[in-house]
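Asks: The structure file my_file_15.pdb (PDB, C-alpha atoms) is provided below.
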MODEL        1
ATOM      1  CA  MET A 138     -17.618 -41.229 136.027
ATOM      2  CA  GLU A 139     -15.296 -42.873 138.551
ATOM      3  CA  GLU A 140     -12.309 -40.880 137.265
ATOM      4  CA  VAL A 141     -14.173 -37.593 137.679
ATOM      5  CA  LEU A 142     -15.192 -38.594 141.193
ATOM      6  CA  GLN A 143     -11.590 -39.509 142.083
ATOM      7  CA  GLN A 144     -10.299 -36.148 140.861
ATOM      8  CA  GLU A 145     -12.922 -34.347 142.939
ATOM      9  CA  ILE A 146     -11.871 -36.318 146.040
ATOM     10  CA  SER A 147      -8.191 -35.492 145.384
ATOM     11  CA  ARG A 148      -8.943 -31.775 145.297
ATOM     12  CA  THR A 149     -10.895 -31.835 148.547
ATOM     13  CA  ASP A 150      -8.932 -34.416 150.553
ATOM     14  CA  PRO A 151      -6.432 -32.606 152.875
ATOM     15  CA  GLU A 152      -4.104 -35.633 152.926
ATOM     16  CA  THR A 153      -3.575 -35.442 149.160
ATOM     17  CA  LYS A 154      -3.124 -31.653 149.264
ATOM     18  CA  ALA A 155      -0.440 -31.811 151.982
ATOM     19  CA  PRO A 156       2.507 -32.852 149.763
ATOM     20  CA  ALA A 157       1.765 -30.074 147.264
ATOM     21  CA  VAL A 158       1.505 -27.477 150.036
ATOM     22  CA  GLN A 159       4.718 -28.757 151.644
ATOM     23  CA  LYS A 160       6.517 -28.624 148.315
ATOM     24  CA  GLN A 161       5.362 -25.035 147.807
ATOM     25  CA  LYS A 162       6.617 -24.086 151.290
ATOM     26  CA  ASN A 163       9.975 -25.722 150.620
ATOM     27  CA  SER A 164      10.372 -23.841 147.344
ATOM     28  CA  LYS A 165       9.629 -20.540 149.122
ATOM     29  CA  GLY A 166      12.205 -21.402 151.770
ATOM     30  CA  VAL A 167      14.807 -22.112 149.100
ATOM     31  CA  VAL A 168      14.089 -18.786 147.385
ATOM     32  CA  ILE A 169      14.374 -16.877 150.677
ATOM     33  CA  ALA A 170      17.638 -18.674 151.513
ATOM     34  CA  ARG A 171      19.078 -17.825 148.099
ATOM     35  CA  ILE A 172      18.093 -14.180 148.451
ATOM     36  CA  ALA A 173      19.768 -14.040 151.869
ATOM     37  CA  VAL A 174      22.930 -15.676 150.534
ATOM     38  CA  TYR A 175      23.128 -13.306 147.563
ATOM     39  CA  ALA A 176      22.540 -10.310 149.815
ATOM     40  CA  VAL A 177      25.388 -11.355 152.112
ATOM     41  CA  LEU A 178      27.698 -11.984 149.132
ATOM     42  CA  ILE A 179      26.869  -8.601 147.590
ATOM     43  CA  LEU A 180      27.532  -6.786 150.882
ATOM     44  CA  TYR A 181      30.793  -8.680 151.334
ATOM     45  CA  SER A 182      31.856  -7.857 147.759
ATOM     46  CA  LEU A 183      31.155  -4.168 148.337
ATOM     47  CA  TRP A 184      33.162  -4.324 151.566
ATOM     48  CA  ILE A 185      36.106  -5.900 149.713
ATOM     49  CA  LEU A 186      35.928  -3.545 146.723
ATOM     50  CA  ALA A 187      35.513  -0.344 148.768
ATOM     51  CA  PRO A 188      39.295   0.201 149.274
ATOM     52  CA  PHE A 189      39.879  -0.196 145.521
ATOM     53  CA  LEU A 190      37.186   2.390 144.847
ATOM     54  CA  VAL A 191      38.841   4.812 147.284
ATOM     55  CA  ILE A 192      42.239   4.313 145.628
ATOM     56  CA  ILE A 193      40.847   4.797 142.114
ATOM     57  CA  VAL A 194      38.859   7.922 143.000
ATOM     58  CA  THR A 195      41.739   9.488 144.929
ATOM     59  CA  SER A 196      44.207   8.775 142.109
ATOM     60  CA  LEU A 197      41.955  10.726 139.721
ATOM     61  CA  THR A 198      41.457  13.666 142.096
ATOM     62  CA  THR A 199      43.738  16.687 141.952
ATOM     63  CA  ASN A 200      45.532  17.829 145.101
ATOM     64  CA  ALA A 201      43.672  21.158 144.972
ATOM     65  CA  GLU A 202      40.236  19.497 144.912
ATOM     66  CA  TYR A 203      41.244  17.008 147.574
ATOM     67  CA  GLY A 204      42.508  19.758 149.882
ATOM     68  CA  ALA A 205      39.383  21.891 149.404
ATOM     69  CA  ALA A 206      36.938  19.026 149.974
ATOM     70  CA  GLU A 207      35.060  19.022 153.292
ATOM     71  CA  GLY A 208      33.898  15.401 153.051
ATOM     72  CA  TYR A 209      34.538  12.236 151.105
ATOM     73  CA  ILE A 210      34.850  12.677 147.344
ATOM     74  CA  TRP A 211      32.694  10.040 145.636
ATOM     75  CA  PHE A 212      33.843  11.154 142.186
ATOM     76  CA  PRO A 213      36.174  14.024 141.246
ATOM     77  CA  LYS A 214      34.627  17.057 139.582
ATOM     78  CA  THR A 215      37.506  17.267 137.129
ATOM     79  CA  PRO A 216      39.163  13.842 136.778
ATOM     80  CA  SER A 217      42.883  14.164 136.252
ATOM     81  CA  PHE A 218      45.649  11.704 135.367
ATOM     82  CA  GLU A 219      48.227  13.951 136.973
ATOM     83  CA  GLY A 220      49.197  11.293 139.518
ATOM     84  CA  TYR A 221      49.890   8.730 136.816
ATOM     85  CA  GLN A 222      51.869  11.193 134.709
ATOM     86  CA  ARG A 223      54.076  12.091 137.663
ATOM     87  CA  LEU A 224      55.116   8.446 137.949
ATOM     88  CA  PHE A 225      57.243   9.007 134.864
ATOM     89  CA  THR A 226      58.272  12.638 135.431
ATOM     90  CA  ASP A 227      58.564  13.467 139.157
ATOM     91  CA  ASP A 228      59.995  10.238 140.547
ATOM     92  CA  PRO A 229      62.788  11.273 142.982
ATOM     93  CA  PHE A 230      64.309   7.769 142.831
ATOM     94  CA  MET A 231      64.512   7.611 139.047
ATOM     95  CA  TYR A 232      67.629   5.706 137.920
ATOM     96  CA  ASN A 233      69.145   6.393 134.486
ATOM     97  CA  GLY A 234      65.836   7.881 133.330
ATOM     98  CA  ILE A 235      63.838   4.790 134.408
ATOM     99  CA  PRO A 236      61.110   5.355 137.026
ATOM    100  CA  SER A 237      61.782   3.456 140.220
ATOM    101  CA  LEU A 238      58.415   1.679 140.060
ATOM    102  CA  LEU A 239      59.084   0.385 136.560
ATOM    103  CA  ARG A 240      62.632  -0.639 137.444
ATOM    104  CA  GLY A 241      61.385  -2.366 140.560
ATOM    105  CA  PHE A 242      58.758  -4.229 138.541
ATOM    106  CA  PHE A 243      61.304  -5.672 136.112
ATOM    107  CA  ASN A 244      63.655  -6.595 138.959
ATOM    108  CA  THR A 245      60.800  -8.319 140.755
ATOM    109  CA  MET A 246      59.929 -10.274 137.616
ATOM    110  CA  TRP A 247      63.291 -11.923 137.081
ATOM    111  CA  ILE A 248      64.084 -12.311 140.772
ATOM    112  CA  THR A 249      60.723 -14.056 141.304
ATOM    113  CA  LEU A 250      60.222 -16.004 138.072
ATOM    114  CA  ILE A 251      63.642 -17.672 137.800
ATOM    115  CA  PRO A 252      63.404 -19.583 141.109
ATOM    116  CA  LEU A 253      59.639 -20.042 140.762
ATOM    117  CA  PHE A 254      59.800 -21.951 137.471
ATOM    118  CA  SER A 255      62.668 -24.076 138.745
ATOM    119  CA  MET A 256      60.845 -24.818 141.985
ATOM    120  CA  LEU A 257      57.631 -25.829 140.214
ATOM    121  CA  ILE A 258      59.359 -28.272 137.846
ATOM    122  CA  GLN A 259      61.406 -29.858 140.606
ATOM    123  CA  SER A 260      58.436 -30.067 142.967
ATOM    124  CA  LEU A 261      56.365 -31.776 140.290
ATOM    125  CA  LEU A 262      59.242 -34.176 139.658
ATOM    126  CA  VAL A 263      59.440 -35.075 143.354
ATOM    127  CA  ALA A 264      55.656 -35.439 143.547
ATOM    128  CA  TYR A 265      55.692 -37.721 140.494
ATOM    129  CA  VAL A 266      58.337 -39.958 142.045
ATOM    130  CA  TYR A 267      56.401 -40.184 145.306
ATOM    131  CA  ALA A 268      53.145 -40.936 143.479
ATOM    132  CA  ARG A 269      54.436 -43.372 140.868
ATOM    133  CA  TYR A 270      57.320 -45.349 142.380
ATOM    134  CA  ASN A 271      57.900 -47.435 145.473
ATOM    135  CA  PHE A 272      61.286 -47.250 147.151
ATOM    136  CA  PRO A 273      62.699 -47.841 150.643
ATOM    137  CA  CYS A 274      61.592 -45.376 153.352
ATOM    138  CA  LYS A 275      59.210 -43.679 150.923
ATOM    139  CA  ASN A 276      56.587 -42.765 153.534
ATOM    140  CA  LEU A 277      59.218 -41.703 156.058
ATOM    141  CA  LEU A 278      60.856 -39.381 153.557
ATOM    142  CA  PHE A 279      57.494 -37.901 152.634
ATOM    143  CA  ILE A 280      56.701 -37.279 156.305
ATOM    144  CA  ILE A 281      60.062 -35.519 156.687
ATOM    145  CA  THR A 282      59.299 -33.457 153.578
ATOM    146  CA  VAL A 283      55.890 -32.422 154.892
ATOM    147  CA  SER A 284      57.291 -31.637 158.359
ATOM    148  CA  LEU A 285      59.461 -28.947 156.764
ATOM    149  CA  MET A 286      56.262 -26.984 156.184
ATOM    150  CA  PHE A 287      55.932 -26.413 159.928
ATOM    151  CA  ILE A 288      59.357 -24.839 160.388
ATOM    152  CA  PRO A 289      59.056 -21.032 160.812
ATOM    153  CA  LEU A 290      61.732 -20.043 158.311
ATOM    154  CA  GLY A 291      61.219 -16.360 159.094
ATOM    155  CA  ALA A 292      62.793 -16.937 162.504
ATOM    156  CA  PHE A 293      66.057 -17.875 160.779
ATOM    157  CA  GLY A 294      66.270 -14.678 158.753
ATOM    158  CA  PHE A 295      69.145 -13.167 160.711
ATOM    159  CA  VAL A 296      70.998 -16.497 160.863
ATOM    160  CA  GLY A 297      70.605 -16.801 157.113
ATOM    161  CA  TYR A 298      71.924 -13.299 156.618
ATOM    162  CA  MET A 299      75.023 -14.100 158.666
ATOM    163  CA  PHE A 300      75.605 -17.231 156.599
ATOM    164  CA  TYR A 301      75.283 -15.406 153.273
ATOM    165  CA  GLN A 302      77.477 -12.608 154.582
ATOM    166  CA  ASN A 303      80.250 -15.068 155.385
ATOM    167  CA  ILE A 304      80.222 -16.469 151.838
ATOM    168  CA  GLY A 305      80.099 -12.990 150.255
ATOM    169  CA  TRP A 306      76.501 -12.963 149.029
ATOM    170  CA  THR A 307      75.454  -9.678 150.650
ATOM    171  CA  GLU A 308      77.623  -7.219 148.734
ATOM    172  CA  GLY A 309      77.155  -5.716 145.275
ATOM    173  CA  GLY A 310      75.400  -7.720 142.597
ATOM    174  CA  ALA A 311      75.766 -10.938 144.604
ATOM    175  CA  ALA A 312      73.214  -9.603 147.105
ATOM    176  CA  VAL A 313      70.434 -10.918 144.881
ATOM    177  CA  LEU A 314      71.614 -14.534 145.184
ATOM    178  CA  PRO A 315      70.022 -15.189 148.626
ATOM    179  CA  LEU A 316      66.662 -14.320 147.063
ATOM    180  CA  ILE A 317      67.140 -16.656 144.082
ATOM    181  CA  VAL A 318      69.297 -19.656 144.939
ATOM    182  CA  PRO A 319      67.260 -21.080 147.893
ATOM    183  CA  GLY A 320      64.105 -20.944 145.785
ATOM    184  CA  LEU A 321      65.568 -22.951 142.908
ATOM    185  CA  PHE A 322      64.811 -26.255 144.635
ATOM    186  CA  ALA A 323      61.591 -28.143 145.310
ATOM    187  CA  GLY A 324      59.270 -26.711 147.956
ATOM    188  CA  ALA A 325      57.758 -28.949 150.634
ATOM    189  CA  GLY A 326      54.330 -27.314 150.459
ATOM    190  CA  THR A 327      54.220 -27.538 146.673
ATOM    191  CA  VAL A 328      55.206 -31.226 146.732
ATOM    192  CA  PHE A 329      52.480 -31.889 149.304
ATOM    193  CA  PHE A 330      49.917 -30.161 147.067
ATOM    194  CA  LEU A 331      50.991 -31.771 143.781
ATOM    195  CA  ARG A 332      51.309 -35.388 144.922
ATOM    196  CA  PRO A 333      47.533 -36.090 145.194
ATOM    197  CA  TYR A 334      47.021 -34.423 141.827
ATOM    198  CA  VAL A 335      49.657 -36.588 140.145
ATOM    199  CA  GLU A 336      48.201 -39.686 141.808
ATOM    200  CA  GLY A 337      44.863 -38.853 140.156
ATOM    201  CA  ILE A 338      46.341 -39.008 136.654
ATOM    202  CA  ASN A 339      45.166 -42.108 134.782
ATOM    203  CA  LYS A 340      47.918 -44.699 135.215
ATOM    204  CA  GLU A 341      46.908 -46.451 132.007
ATOM    205  CA  ILE A 342      48.148 -43.460 130.019
ATOM    206  CA  ILE A 343      51.573 -43.688 131.661
ATOM    207  CA  GLU A 344      51.735 -47.473 131.260
ATOM    208  CA  ALA A 345      50.785 -47.212 127.583
ATOM    209  CA  ALA A 346      53.482 -44.608 127.037
ATOM    210  CA  GLU A 347      56.074 -46.812 128.733
ATOM    211  CA  ILE A 348      55.023 -49.780 126.580
ATOM    212  CA  ASP A 349      55.534 -47.593 123.503
ATOM    213  CA  GLY A 350      59.114 -47.048 124.615
ATOM    214  CA  MET A 351      58.934 -43.717 126.433
ATOM    215  CA  GLY A 352      61.525 -43.320 129.151
ATOM    216  CA  PHE A 353      61.171 -41.629 132.522
ATOM    217  CA  TRP A 354      62.042 -38.124 131.392
ATOM    218  CA  ARG A 355      59.955 -38.239 128.225
ATOM    219  CA  VAL A 356      56.922 -39.404 130.208
ATOM    220  CA  PHE A 357      57.495 -36.612 132.700
ATOM    221  CA  PHE A 358      57.826 -33.821 130.134
ATOM    222  CA  SER A 359      55.318 -35.124 127.570
ATOM    223  CA  ILE A 360      52.558 -36.444 129.844
ATOM    224  CA  ILE A 361      52.920 -35.431 133.487
ATOM    225  CA  ILE A 362      53.611 -31.736 132.948
ATOM    226  CA  PRO A 363      50.792 -31.138 130.399
ATOM    227  CA  LEU A 364      48.227 -33.039 132.498
ATOM    228  CA  SER A 365      49.319 -31.197 135.655
ATOM    229  CA  LYS A 366      48.956 -27.747 134.121
ATOM    230  CA  PRO A 367      45.967 -26.643 136.284
ATOM    231  CA  ALA A 368      47.763 -27.613 139.497
ATOM    232  CA  LEU A 369      50.976 -25.954 138.319
ATOM    233  CA  VAL A 370      49.126 -22.747 137.465
ATOM    234  CA  ALA A 371      47.512 -22.687 140.912
ATOM    235  CA  GLN A 372      50.878 -23.112 142.606
ATOM    236  CA  PHE A 373      52.420 -20.584 140.226
ATOM    237  CA  ILE A 374      49.890 -17.967 141.332
ATOM    238  CA  PHE A 375      50.566 -18.657 145.015
ATOM    239  CA  GLY A 376      54.330 -18.536 144.482
ATOM    240  CA  PHE A 377      54.226 -15.456 142.279
ATOM    241  CA  VAL A 378      52.068 -13.505 144.734
ATOM    242  CA  GLY A 379      54.457 -14.437 147.552
ATOM    243  CA  GLY A 380      57.524 -13.365 145.582
ATOM    244  CA  TYR A 381      55.823 -10.261 144.218
ATOM    245  CA  ASN A 382      54.910  -9.079 147.720
ATOM    246  CA  ASN A 383      58.197 -10.088 149.349
ATOM    247  CA  TYR A 384      59.389  -7.004 151.200
ATOM    248  CA  SER A 385      61.388  -8.151 154.225
ATOM    249  CA  GLY A 386      63.784 -10.380 152.290
ATOM    250  CA  ALA A 387      64.390  -7.806 149.577
ATOM    251  CA  LEU A 388      64.859  -5.066 152.181
ATOM    252  CA  MET A 389      67.416  -7.153 154.055
ATOM    253  CA  TYR A 390      69.656  -7.826 151.077
ATOM    254  CA  LEU A 391      68.920  -5.130 148.473
ATOM    255  CA  ASN A 392      68.212  -1.958 150.440
ATOM    256  CA  ASP A 393      71.679  -0.527 149.787
ATOM    257  CA  ASN A 394      71.688  -1.460 146.097
ATOM    258  CA  ASP A 395      69.440   0.913 144.150
ATOM    259  CA  GLU A 396      69.885  -0.948 140.872
ATOM    260  CA  LEU A 397      68.367  -4.135 142.304
ATOM    261  CA  TRP A 398      65.460  -2.627 144.210
ATOM    262  CA  THR A 399      62.317  -4.736 143.851
ATOM    263  CA  LEU A 400      58.851  -3.318 143.382
ATOM    264  CA  GLN A 401      57.975  -3.440 147.084
ATOM    265  CA  ILE A 402      61.119  -1.542 148.105
ATOM    266  CA  SER A 403      60.551   1.048 145.365
ATOM    267  CA  LEU A 404      56.911   1.397 146.378
ATOM    268  CA  GLN A 405      57.704   1.887 150.078
ATOM    269  CA  GLN A 406      60.498   4.353 149.375
ATOM    270  CA  LEU A 407      58.346   6.363 146.987
ATOM    271  CA  ILE A 408      55.267   6.493 149.226
ATOM    272  CA  GLY A 409      57.447   7.294 152.255
ATOM    273  CA  TYR A 410      58.953  10.235 150.372
ATOM    274  CA  LEU A 411      55.566  11.500 149.147
ATOM    275  CA  SER A 412      54.004  11.275 152.612
ATOM    276  CA  THR A 413      56.420  13.971 153.804
ATOM    277  CA  SER A 414      55.204  16.408 151.138
ATOM    278  CA  GLU A 415      53.230  19.421 152.342
ATOM    279  CA  GLU A 416      50.531  18.841 149.725
ATOM    280  CA  GLY A 417      50.314  15.151 150.545
ATOM    281  CA  ASP A 418      50.411  14.110 146.885
ATOM    282  CA  TYR A 419      47.570  11.706 147.576
ATOM    283  CA  ASN A 420      46.778  11.230 143.897
ATOM    284  CA  PHE A 421      50.424  10.336 143.258
ATOM    285  CA  GLN A 422      50.464   7.880 146.162
ATOM    286  CA  CYS A 423      47.239   6.155 145.113
ATOM    287  CA  ALA A 424      48.283   6.036 141.464
ATOM    288  CA  THR A 425      51.531   4.380 142.556
ATOM    289  CA  ALA A 426      49.717   1.821 144.720
ATOM    290  CA  LEU A 427      47.171   1.059 141.993
ATOM    291  CA  MET A 428      49.815   0.563 139.315
ATOM    292  CA  SER A 429      51.674  -1.858 141.568
ATOM    293  CA  MET A 430      48.500  -3.952 142.024
ATOM    294  CA  LEU A 431      47.542  -4.192 138.344
ATOM    295  CA  PRO A 432      49.926  -7.077 137.454
ATOM    296  CA  LEU A 433      48.464  -9.297 140.190
ATOM    297  CA  ILE A 434      44.900  -8.465 139.177
ATOM    298  CA  ALA A 435      45.671  -9.200 135.510
ATOM    299  CA  LEU A 436      47.395 -12.462 136.460
ATOM    300  CA  TYR A 437      44.435 -13.709 138.455
ATOM    301  CA  ILE A 438      41.904 -12.747 135.770
ATOM    302  CA  GLY A 439      43.958 -14.471 133.072
ATOM    303  CA  CYS A 440      44.602 -17.653 135.073
ATOM    304  CA  GLN A 441      41.326 -17.880 137.000
ATOM    305  CA  LYS A 442      40.072 -20.935 135.087
ATOM    306  CA  PHE A 443      43.235 -22.960 135.675
ATOM    307  CA  PHE A 444      43.468 -21.721 139.251
ATOM    308  CA  ILE A 445      40.002 -23.037 140.140
ATOM    309  CA  GLU A 446      40.687 -26.361 138.408
ATOM    310  CA  GLY A 447      44.002 -26.706 140.183
ATOM    311  CA  ILE A 448      42.761 -26.170 143.711
ATOM    312  CA  SER A 449      39.759 -28.476 143.170
ATOM    313  CA  PHE A 450      41.913 -31.428 142.026
ATOM    314  CA  GLY A 451      39.477 -32.027 139.212
ATOM    315  CA  GLY A 452      41.661 -32.038 136.143
ATOM    316  CA  GLY A 453      43.525 -35.300 136.599
ATOM    317  CA  LYS A 454      41.077 -37.799 138.010
ATOM    318  CA  GLU A 455      40.627 -41.160 136.366
TER     319      GLU A 455
ENDMDL
END
The structure given in the file should be rewritten as structure tokens.
Replies:
Amino acid sequence: MEEVLQQEISRTDPETKAPAVQKQKNSKGVVIARIAVYAVLILYSLWILAPFLVIIVTSLTTNAEYGAAEGYIWFPKTPSFEGYQRLFTDDPFMYNGIPSLLRGFFNTMWITLIPLFSMLIQSLLVAYVYARYNFPCKNLLFIITVSLMFIPLGAFGFVGYMFYQNIGWTEGGAAVLPLIVPGLFAGAGTVFFLRPYVEGINKEIIEAAEIDGMGFWRVFFSIIIPLSKPALVAQFIFGFVGGYNNYSGALMYLNDNDELWTLQISLQQLIGYLSTSEEGDYNFQCATALMSMLPLIALYIGCQKFFIEGISFGGGKE
């Protein structure tokens, strides 16, 4: 009888009902906040993806339909791959039967990847030494290394060109060396990023390997590099995007050498030529721009998991 009476009091007592009502209000507030956040994210995503939609639709629209349209074309009446086909047939900068965009892509790959791989390995090596060993003036040297990040290297572009010109690196095939050789060495920003990650690697693993007789280099290649893969992938994406989109440096040294044109030079030359056409060739221009973006999109999709792990410093904590 007392239990029944207590339950009846609990249902009618406003003090006992208050927590339940407050909890219900809080849950409604959380739901409303989530809806607002998702709405903002969806609108922002649409804002970001709108230019890609315009490029895709325009690349599939014929010049005749585009010229006759009075407003924006949301989807072409007769989708056509004419713009993509012309990449391989009507390229005015085609060299030895190879479209300029394709030639520029392959040139960009080896000009970017050779120094990038070298820079990543050397930067990880420097970061490992800073994180693992104590030596005189260690902190001072690291401060000097980090301070290099604040130097505006773009301001020294003309000075660098004069230097490379004096040693004969601006003529013929040697013109590609200024884009490769400086990037072969460790980068200050990459060292700064990798050091905390290497410091988070379990030291007991390294000590056990050293007790088993592993030397410095074997520890570095067998333990440090595999455990640092997420951080390396993140830095690889940053470095690759920078090299892939490098236009000013390539223009300075390779503009007069058609064989060594990178993708950005080929893209600018091709779009500049098409923009002077009477028809506009908008489908050709958009198809060219879209094809040049596909490698970066594929790279990010393929490496997204490692990229997120790398920038969150989560893969190597003890």
Asks: For this file, the PyMOL selection byres ((chain A and resi 244-260) around 7) selects which residues, as number ranges by chain?
Replies: A: 240-243, 261-264, 317, 320-324, 327-328, 369, 376-377, 380-381, 397-400
Asks: Counting all atoms listed in the file, which residue out of A:Ala387, A:Ile362, A:Ile281, A:Leu186 sits closest to Gly294 in chain A?
Replies: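 Comparing A:Ala387, A:Ile362, A:Ile281, A:Leu186 against Gly294 in chain A, the winner is A:Ala387.
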Asks: Point out the residue among A:Lys442, A:Pro213, A:Asn200, A:Ser429 with the least atom-to-atom distance to Asn382 in chain A, counting only C-alpha atoms.
Replies: A:Ser429
Asks: Have a look at CA of Gly439 in chain A and CA of Ser182 in chain A and let me know their distance in Å, one decimal.
Replies: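 Atom-to-atom, CA of Gly439 in chain A to CA of Ser182 in chain A, that is 20.1 Å.
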Asks: Any chance you could work out the residue set of the PyMOL selection byres ((chain A and resi 310-314) around 9) here, as an mmCIF file with C-alpha atoms, in the coordinates of the input?
Replies:
data_model
loop_
_atom_site.group_PDB
_atom_site.id
_atom_site.type_symbol
_atom_site.label_atom_id
_atom_site.label_comp_id
_atom_site.auth_asym_id
_atom_site.auth_seq_id
_atom_site.Cartn_x
_atom_site.Cartn_y
_atom_site.Cartn_z
ATOM 1 C CA ILE A 248 64.084 -12.311 140.772
ATOM 2 C CA TYR A 301 75.283 -15.406 153.273
ATOM 3 C CA GLY A 305 80.099 -12.990 150.255
ATOM 4 C CA TRP A 306 76.501 -12.963 149.029
ATOM 5 C CA THR A 307 75.454 -9.678 150.650
ATOM 6 C CA GLU A 308 77.623 -7.219 148.734
ATOM 7 C CA GLY A 309 77.155 -5.716 145.275
ATOM 8 C CA PRO A 315 70.022 -15.189 148.626
ATOM 9 C CA LEU A 316 66.662 -14.320 147.063
ATOM 10 C CA ILE A 317 67.140 -16.656 144.082
ATOM 11 C CA VAL A 318 69.297 -19.656 144.939
ATOM 12 C CA PRO A 319 67.260 -21.080 147.893
ATOM 13 C CA ALA A 387 64.390 -7.806 149.577
ATOM 14 C CA TYR A 390 69.656 -7.826 151.077
ATOM 15 C CA LEU A 391 68.920 -5.130 148.473
ATOM 16 C CA ASN A 394 71.688 -1.460 146.097
ATOM 17 C CA GLU A 396 69.885 -0.948 140.872
ATOM 18 C CA LEU A 397 68.367 -4.135 142.304
#
Asks: What does the distance between CA of Pro188 in chain A and CA of Asp227 in chain A come to in Å, to one decimal place?
Replies: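 According to the coordinates, CA of Pro188 in chain A and CA of Asp227 in chain A are separated by 25.5 Å.
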Asks: In the coordinate frame of the file, compute which residues have an atom within 12 Å of (59.1, 1.7, 146.3) when using all atoms listed in the file, and state them as a ChimeraX atom specification.
Replies: /A:224,228-231,236-242,244-245,382,384,387-388,392,395,397-411,422,425-426,428-429
Asks: If the PyMOL selection byres ((chain A and resi 372) around 9) were run on this exact file, what residues would it hold? Put them as a ChimeraX atom specification.
Replies: /A:257,327,330-331,367-371,373-377,444,447-448
Asks: Just to be explicit: take each residue in the selection above, keep C-alpha atoms, and write the result as a JSON list (two decimals), in the frame of the given file.
Replies:
[["chain", "number", "residue", "atom", "x", "y", "z"],
["A", 257, "LEU", "CA", 57.63, -25.83, 140.21],
["A", 327, "THR", "CA", 54.22, -27.54, 146.67],
["A", 330, "PHE", "CA", 49.92, -30.16, 147.07],
["A", 331, "LEU", "CA", 50.99, -31.77, 143.78],
["A", 367, "PRO", "CA", 45.97, -26.64, 136.28],
["A", 368, "ALA", "CA", 47.76, -27.61, 139.50],
["A", 369, "LEU", "CA", 50.98, -25.95, 138.32],
["A", 370, "VAL", "CA", 49.13, -22.75, 137.46],
["A", 371, "ALA", "CA", 47.51, -22.69, 140.91],
["A", 373, "PHE", "CA", 52.42, -20.58, 140.23],
["A", 374, "ILE", "CA", 49.89, -17.97, 141.33],
["A", 375, "PHE", "CA", 50.57, -18.66, 145.01],
["A", 376, "GLY", "CA", 54.33, -18.54, 144.48],
["A", 377, "PHE", "CA", 54.23, -15.46, 142.28],
["A", 444, "PHE", "CA", 43.47, -21.72, 139.25],
["A", 447, "GLY", "CA", 44.00, -26.71, 140.18],
["A", 448, "ILE", "CA", 42.76, -26.17, 143.71]]
Asks: Using only C-alpha atoms, pick whichever of A:Arg171, A:Ala325, A:Gly297, A:Gly337 has the shortest atom-to-atom distance to Leu278 in chain A.
Replies: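 Closest candidate: A:Ala325.
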Asks: Could you tell me how far CA of Met389 in chain A sits from CA of Phe421 in chain A, in Å to one decimal place?
Replies: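 So the answer is 26.7 Å.
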Asks: Box for range 371-377 of chain A: with edges along x, y and z, all listed atoms inside and 5 Å added on each side, what are the centre and edge lengths in Å to one decimal, as JSON?
Replies:
{"center_x": 50.9, "center_y": -19.3, "center_z": 142.6, "size_x": 16.8, "size_y": 17.7, "size_z": 14.8}
